[in-house]
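A short worksheet on the structure shown next.
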Amino acid sequence: MLQNLTRREFSAMFLAAAMPRVDPKAVGVRDGVTQQMKEYLQSQIDAQAVPGAKVAASRHGKVFLELFLGTYCDQNARRLPCEASALHPFFSVSKMVSATAVVMAVQDGLIALDAPVARYVPEFAAEGKGEITIRQCLTHSAGIPTAPPGKRADTPEHWKEFVAALCAKPLEWAPGTQTMYHGANGIL
């Protein structure tokens with residue numbers, strides 16, 4: 001169960017995709033499970049419920065299933081084959097990963113939840129944002145809910161441009177006075 005995992009074990013789950021593949025039986029997975037998963041996903045693709053899927057499953061830290069089915073699209077093309085090299089943005093799902101990484105850094109004494117973001121990213125202090133805390137970013141109360149227009153974070157260069165634009169962005173309200181979904185904070 002997830003609540004019994006240490007934070008390092010939880011992190012290792014994210015690295016499972018880099019691990020060698022094993023036969024499902026070697027980790028106690030019953031016969032037919034991987035075939036059932038493949039058939040189910042293919043039925044969803046055939047029914048046009050989803051265009052494609054990438055799935056990896058691990059047990060006891062060993063990957064026993066990796067599937068790439070159907071197609072996906074990016075900002076340049078549609079119906080690209082869904083394969084291992086395909087990059088899929090997590091968007092809001094990444095907030096769970098970001099929050100986990102932040103809490104791990106807090107536990108390791110690298111950052112403090114109630115410290116200003118500008119302590120770690122000095123440029124962030126521009127436009128009255130100098131007192132916004134990491135906690136306010138994580139709780140969507142930082143006062144900067146609107147992402148910089150026209151910016152993406154899909155490459156390292158675009159990420160740097162996005163963060164620079166967010167740092168230069170003015171407040172929309174006083175930090176801590178309102179709560180609203182802040183889509184850009186996970187990128188920061």
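Chain labels follow the order of the structure tokens: the first chain is A, the next B, and so on; residue numbering restarts at 1 in every chain, and ligands are counted from 1 in their shown order.
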Next on the checklist: Just list as a PyMOL selection string whatever in range 28-179 of chain A DSSP marks as helix (DSSP H, G or I).
Outcome noted: chain A and resi 33-46+91-107+117-119+122-128+134-138+156-168
Taking only residues of range 26-110 of chain A that have an atom at most 10 Å from an atom of range 126-149 of chain A, what is each one's shortest atom pair and its distance in Å to one decimal, using only C-alpha atoms, in chain and number order, as CSV?
residue,atom,partner,partner_atom,distance
A:Lys95,CA,A:Leu138,CA,8.5
A:Ser98,CA,A:Leu138,CA,9.0
A:Ala99,CA,A:Leu138,CA,7.0
A:Val102,CA,A:Ile134,CA,8.8
Can you spit out the residues from that selection as a compact mmCIF listing (two decimals), in the first residue's frame, using N, CA, C and O atoms?
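Final output, out-v2.txt:
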# COMPACT_ATOMS: atom_id res chain seq x y z
N LYS A 95 1.49 17.85 -10.75
CA LYS A 95 1.49 18.51 -9.44
C LYS A 95 1.73 17.51 -8.31
O LYS A 95 2.35 17.83 -7.31
N SER A 98 5.45 17.00 -8.40
CA SER A 98 6.12 18.20 -7.90
C SER A 98 5.97 18.33 -6.40
O SER A 98 6.94 18.61 -5.69
N ALA A 99 4.75 18.13 -5.90
CA ALA A 99 4.52 18.24 -4.45
C ALA A 99 5.32 17.19 -3.69
O ALA A 99 5.89 17.48 -2.63
N VAL A 102 8.91 18.34 -3.61
CA VAL A 102 9.07 19.45 -2.66
C VAL A 102 9.09 18.93 -1.23
O VAL A 102 9.95 19.31 -0.43
Item to check | Shell around Gln42 in chain A at 10 Å using only C-alpha atoms, local window under 6 positions removed, as a list of chain:residue names | outcome: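 Here the qualifying residues turn out to be A:Gln36, A:Gln48, A:Val50, A:Pro51, A:Gly52, A:Ala53, A:Leu69, A:Gly70.
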Item to check | Polymer residues at most 7 Å from Val27 in chain A, only C-alpha atoms, same-chain spacing of 3 or more positions, as a PyMOL selection string | outcome: chain A and resi 24+59-60
Next on the checklist: If I take CA of Ala77 in chain A and CA of Arg152 in chain A, how far is one from the other in Å, to one decimal?
Outcome noted: 16.8 Å
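The spacing separating CA of Phe162 in chain A from CA of Ala184 in chain A amounts to 8.7 Å.
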Checklist entry - What gap, in Å, lies between CA of Val22 in chain A and CA of Val63 in chain A? => result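 Going from CA of Val22 in chain A over to CA of Val63 in chain A, I get 6.1 Å.
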Item to check | Residue contacts of Ala125 in chain A (12 Å, only C-alpha atoms) excluding same-chain residues fewer than 4 positions away, as a list in words | outcome: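 Using only C-alpha atoms, the neighbours found are Pro116, Val117, Ala118, Arg119, Tyr120, Val121, Lys129, Gly130, Glu131, Ile132, Thr133, Ala164, Leu166, Cys167, Ala168, Lys169, Pro170 and Leu171 of chain A.
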Checklist entry - What lies within 10 Å of Phe91 in chain A using only C-alpha atoms, ignoring chain neighbours under 2 positions off, as a PyMOL selection string? => result chain A and resi 88-89+93-95+153+183-184+186-187
Checklist outcome for this item: Across A:Leu80, A:Ala56, A:Leu41, A:Ala165, the smallest distance to Glu123 in chain A, with only C-alpha atoms counted, is shown by A:Ala165
Next on the checklist: I need the residue nearest Lys151 in chain A from this list: A:Ala101, A:Ala26, A:Cys82, A:Val163. Use only C-alpha atoms for the distance.
Outcome noted: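 Comparing A:Ala101, A:Ala26, A:Cys82, A:Val163 against Lys151 in chain A, the winner is A:Val163.
Taking chain A and asking which residues DSSP calls strand (DSSP E) on the backbone, you get A:Gly52, A:Ala53, A:Lys54, A:Val55, A:Ala56, A:Ala57, A:Ser58, A:Arg59, A:Lys62, A:Val63, A:Phe64, A:Leu65, A:Glu66, A:Leu67, A:Phe68, A:Leu69, A:Gly70, A:Thr71, A:Tyr72, A:Leu80, A:Pro81.
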Next on the checklist: My list of candidates is A:Thr155, A:Thr179, A:Thr71, A:Thr100. Which is closest to Ala86 in chain A when distances are computed with only C-alpha atoms?
Outcome noted: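 Checking each candidate against Ala86 in chain A, we get A:Thr71 as the closest.
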